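> The structure file my_file.cif (mmCIF, C-alpha atoms) is provided below.
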data_protein
loop_
_atom_site.label_atom_id
_atom_site.label_comp_id
_atom_site.auth_asym_id
_atom_site.auth_seq_id
_atom_site.Cartn_x
_atom_site.Cartn_y
_atom_site.Cartn_z
CA MET A 11 -14.31 24.07 7.03
CA ALA A 12 -16.27 20.92 6.30
CA TYR A 13 -16.67 18.37 9.06
CA TYR A 14 -16.91 14.64 8.58
CA TYR A 15 -18.75 12.53 11.13
CA PHE A 16 -17.29 9.39 12.61
CA PHE A 17 -18.13 6.89 15.28
CA ILE A 18 -16.08 4.44 17.24
CA ILE A 19 -17.50 1.39 18.94
CA PHE A 20 -15.91 -0.07 22.07
CA ILE A 21 -17.01 -3.37 23.53
CA ASP A 22 -15.82 -4.51 26.90
CA ILE A 23 -16.65 -7.41 29.13
CA ILE A 24 -17.69 -6.76 32.69
CA HIS A 25 -18.26 -9.33 35.39
CA ASP A 26 -20.05 -12.58 34.52
CA ASN A 27 -19.37 -12.18 30.77
CA ILE A 28 -21.84 -9.32 30.35
CA LEU A 29 -20.93 -7.23 27.31
CA ARG A 30 -21.08 -3.45 27.49
CA LEU A 31 -21.15 -1.40 24.27
CA TRP A 32 -19.79 2.13 24.08
CA VAL A 33 -20.32 4.31 21.03
CA VAL A 34 -18.35 7.51 20.58
CA VAL A 35 -19.74 9.88 17.98
CA GLY A 36 -17.99 13.05 16.92
CA LYS A 37 -17.01 15.47 14.22
CA SER A 38 -13.62 15.58 12.58
CA PRO A 39 -12.29 18.27 10.24
CA PHE A 40 -10.22 15.54 8.57
CA LYS A 41 -11.69 14.00 5.44
CA ASN A 42 -9.04 11.32 5.43
CA MET A 43 -9.23 9.05 8.46
CA THR A 44 -5.75 7.61 7.85
CA LEU A 45 -3.71 7.93 11.03
CA THR A 46 -0.63 9.40 9.36
CA ASN A 47 0.40 10.82 6.02
CA ASN A 48 1.70 8.37 3.44
CA THR A 49 -0.16 5.46 5.06
CA PHE A 50 -2.24 3.29 2.74
CA ILE A 51 -4.77 0.68 3.89
CA GLY A 52 -7.66 -1.07 2.19
CA GLU A 53 -8.32 -2.80 -1.13
CA TYR A 54 -9.81 -1.32 -4.29
CA ALA A 55 -10.80 -2.70 -7.69
CA TYR A 56 -9.92 -0.60 -10.73
CA ALA A 57 -9.31 -1.02 -14.46
CA LEU A 58 -6.14 -0.53 -16.46
CA ASP A 59 -6.82 1.54 -19.58
CA SER A 60 -5.39 0.94 -23.06
CA LYS A 61 -2.56 3.45 -22.39
CA GLY A 62 -1.36 1.62 -19.28
CA ARG A 63 -2.91 4.08 -16.83
CA VAL A 64 -4.66 3.20 -13.61
CA ASN A 65 -6.46 5.37 -11.08
CA ILE A 66 -4.94 5.70 -7.65
CA PRO A 67 -7.81 5.46 -5.12
CA ALA A 68 -8.93 8.89 -3.90
CA LYS A 69 -8.28 7.89 -0.27
CA PHE A 70 -4.69 7.05 -1.18
CA ARG A 71 -4.20 10.35 -3.02
CA GLN A 72 -5.60 12.19 0.00
CA ALA A 73 -3.19 10.35 2.31
CA LEU A 74 -0.20 11.43 0.21
CA SER A 75 1.67 14.24 1.98
CA LYS A 76 2.30 17.50 0.10
CA ASP A 77 6.08 17.00 0.04
CA ASN A 78 5.57 14.14 -2.44
CA LYS A 79 4.38 16.63 -5.09
CA ASP A 80 1.65 14.19 -6.26
CA THR A 81 4.41 11.77 -7.28
CA PHE A 82 4.88 8.06 -6.71
CA VAL A 83 7.77 5.77 -7.62
CA ILE A 84 6.65 2.57 -9.30
CA THR A 85 8.72 -0.62 -9.36
CA ARG A 86 8.52 -4.41 -9.30
CA GLY A 87 7.23 -6.00 -6.14
CA MET A 88 8.79 -9.06 -4.57
CA ASP A 89 5.72 -11.06 -5.65
CA SER A 90 4.16 -10.81 -9.12
CA CYS A 91 2.83 -7.33 -8.47
CA ILE A 92 3.81 -3.68 -8.81
CA TRP A 93 4.82 -1.65 -5.77
CA VAL A 94 3.92 2.03 -5.70
CA TYR A 95 5.80 4.17 -3.17
CA PRO A 96 5.28 7.80 -2.21
CA LEU A 97 8.27 9.78 -3.46
CA THR A 98 9.49 10.52 0.09
CA GLN A 99 9.33 6.82 1.05
CA TRP A 100 11.30 5.93 -2.08
CA GLN A 101 13.97 8.49 -1.14
CA ILE A 102 14.49 6.56 2.12
CA ILE A 103 14.86 3.35 0.10
CA GLU A 104 17.38 5.07 -2.18
CA THR A 105 19.45 6.02 0.86
CA ASP A 106 19.40 2.41 2.06
CA LEU A 107 20.40 1.18 -1.41
CA ARG A 108 23.29 3.67 -1.52
CA ASN A 109 24.58 2.21 1.73
CA LEU A 110 24.97 -1.26 0.19
CA SER A 111 28.47 -2.14 -0.96
CA SER A 112 29.09 -2.13 -4.69
CA LEU A 113 31.95 -4.57 -3.98
CA SER A 114 29.45 -7.26 -2.99
CA ASN A 115 27.94 -9.23 -5.87
CA ILE A 116 24.64 -9.79 -4.04
CA HIS A 117 24.40 -6.09 -3.11
CA ARG A 118 25.05 -4.99 -6.70
CA THR A 119 22.47 -7.44 -8.00
CA PHE A 120 19.89 -6.32 -5.45
CA VAL A 121 20.45 -2.61 -6.22
CA ARG A 122 20.34 -3.27 -9.96
CA ASN A 123 17.12 -5.30 -9.77
CA THR A 124 15.47 -2.78 -7.46
CA ALA A 125 16.45 0.40 -9.28
CA ARG A 126 16.27 -0.70 -12.91
CA TYR A 127 12.48 -1.05 -12.95
CA ALA A 128 11.76 2.03 -10.83
CA SER A 129 10.30 5.14 -12.39
CA PRO A 130 8.54 8.21 -11.00
CA SER A 131 4.97 8.92 -12.01
CA THR A 132 2.98 12.02 -11.11
CA TYR A 133 -0.75 11.43 -11.13
CA ASP A 134 -2.82 13.43 -13.60
CA LYS A 135 -5.99 15.47 -13.01
CA GLN A 136 -8.05 12.26 -13.05
CA GLY A 137 -5.79 10.67 -10.42
CA ARG A 138 -4.13 8.24 -12.84
CA ILE A 139 -0.54 7.06 -12.98
CA THR A 140 1.07 5.42 -15.99
CA LEU A 141 2.60 1.96 -15.65
CA SER A 142 5.42 0.90 -17.96
CA PRO A 143 4.80 -1.98 -20.38
CA SER A 144 7.52 -4.04 -18.67
CA LEU A 145 5.83 -3.67 -15.26
CA ILE A 146 2.41 -4.50 -16.73
CA GLU A 147 3.90 -7.66 -18.23
CA TYR A 148 5.76 -8.57 -15.02
CA ALA A 149 2.56 -8.35 -12.93
CA GLY A 150 0.46 -10.04 -15.63
CA LEU A 151 -1.99 -7.15 -15.62
CA GLU A 152 -4.86 -7.14 -18.03
CA LYS A 153 -7.94 -4.96 -17.63
CA ASP A 154 -8.96 -5.58 -14.01
CA VAL A 155 -6.52 -4.72 -11.21
CA GLN A 156 -6.61 -4.80 -7.41
CA ILE A 157 -4.88 -1.97 -5.58
CA ILE A 158 -3.97 -2.86 -2.03
CA GLY A 159 -2.70 -0.55 0.69
CA MET A 160 0.41 -1.96 2.37
CA ILE A 161 0.98 0.75 4.99
CA ASN A 162 4.02 2.52 3.45
CA LYS A 163 3.25 1.61 -0.17
CA MET A 164 0.57 0.24 -2.49
CA ALA A 165 0.58 -2.98 -4.47
CA ILE A 166 -1.12 -3.35 -7.85
CA TRP A 167 -2.14 -6.93 -8.63
CA ASN A 168 -3.82 -8.98 -11.29
CA PRO A 169 -6.82 -10.24 -9.22
CA ILE A 170 -6.29 -13.84 -10.39
CA GLU A 171 -2.62 -13.79 -9.38
CA LEU A 172 -3.52 -12.19 -6.03
CA ASN A 173 -6.03 -14.96 -5.37
CA ARG A 174 -3.41 -17.58 -6.26
CA THR A 175 -0.85 -15.95 -3.96
CA ASP A 176 -3.38 -15.68 -1.13
CA LYS A 177 -4.08 -19.41 -1.42
CA GLN A 178 -0.35 -20.11 -1.08
CA THR A 179 -0.26 -17.89 2.00
CA ILE A 180 -2.68 -20.25 3.72
CA LYS A 181 0.14 -22.83 3.66
CA ILE A 182 2.33 -20.63 5.89
CA ASP A 183 2.97 -22.16 9.30
CA PRO A 184 0.56 -20.59 11.85
CA ALA A 185 3.39 -20.48 14.40
CA ALA A 186 5.34 -18.19 12.05
CA TYR A 187 2.31 -15.88 11.93
CA ASP A 188 2.11 -15.92 15.72
CA ASP A 189 5.81 -15.03 16.02
CA LEU A 190 5.36 -12.10 13.64
CA ALA A 191 2.22 -10.89 15.43
CA GLU A 192 4.17 -10.77 18.70
CA LYS A 193 6.77 -8.51 17.08
CA ILE A 194 4.17 -5.95 15.94
CA ASN A 195 1.88 -6.00 18.98
CA ILE A 196 -1.31 -7.19 17.29
#
Rewrite the structure of this file - the entire thing - as structure tokens.

Amino acid sequence: MAYYYFFIIFIDIIHDNILRLWVVVGKSPFKNMTLTNNTFIGEYAYALDSKGRVNIPAKFRQALSKDNKDTFVITRGMDSCIWVYPLTQWQIIETDLRNLSSLSNIHRTFVRNTARYASPSTYDKQGRITLSPSLIEYAGLEKDVQIIGMINKMAIWNPIELNRTDKQTIKIDPAAYDDLAEKINI
């Protein structure tokens, strides 16, 4: 078994504002340092090829649990991006969608707009998935793409659109951020 080395740095403050630094060094048999399966964090720059294929970052493929059978479900994001879910995560979403009432106009519309653009994609030997032309158009993808881990899914962005969206995010009320941070114990 191969071992991968890691280190963790702790900094604490002792009396009179003196900083103390602790470094923990060890060996881990885990190549992937993600805390749990199907968890995706980080940002990666890739290129979309002429056939609409994009590489899934190796760290994300390694984080994918075996029960997903190397398969993701790809659909429209809420912003101008593409969301990529592990198959097992999408199955949970399907269950939630099934529980919505088909008698409610808003529920029907939400289910229709969520499911109609979704399609499974199993990555190939090079780690690529294929994006549909309609999703490529929706996200405004050209050659360069940014793939962002969003904990339970990935988002594929046109870098220009991501930058534009990030600038709009700056306009969000800081108090709203503080309220959200309190809910997730940051």
> Between A:Ala165, A:Ile157, A:Leu107, A:Leu74, which one has atoms that come closest to Asn123 in chain A, using all atoms listed in the file?
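Checking each candidate against Asn123 in chain A, we get A:Leu107 as the closest.
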> In terms of the shortest atom-to-atom distance over only C-alpha atoms, which of A:Leu145, A:Val155, A:Ile139, A:Ala73 is closest to Thr46 in chain A?
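Of A:Leu145, A:Val155, A:Ile139, A:Ala73, the one nearest Thr46 in chain A is A:Ala73, counting only C-alpha atoms.
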> To one decimal place in Å, what is the distance between CA of Gly159 in chain A and CA of Arg86 in chain A?
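That distance, rounded to one decimal, is 15.5 Å.
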> Of the candidates A:Val121, A:Ile166, A:Leu58, A:Ile180, which shows the shortest atom-to-atom distance to Trp93 in chain A, using only C-alpha atoms?
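Among the listed residues, A:Ile166 lies closest to Trp93 in chain A.
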> Expressed in Å to a single decimal, how great is the separation between CA of Gly52 in chain A and CA of Ala125 in chain A?
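Those two atoms sit 26.7 Å apart.
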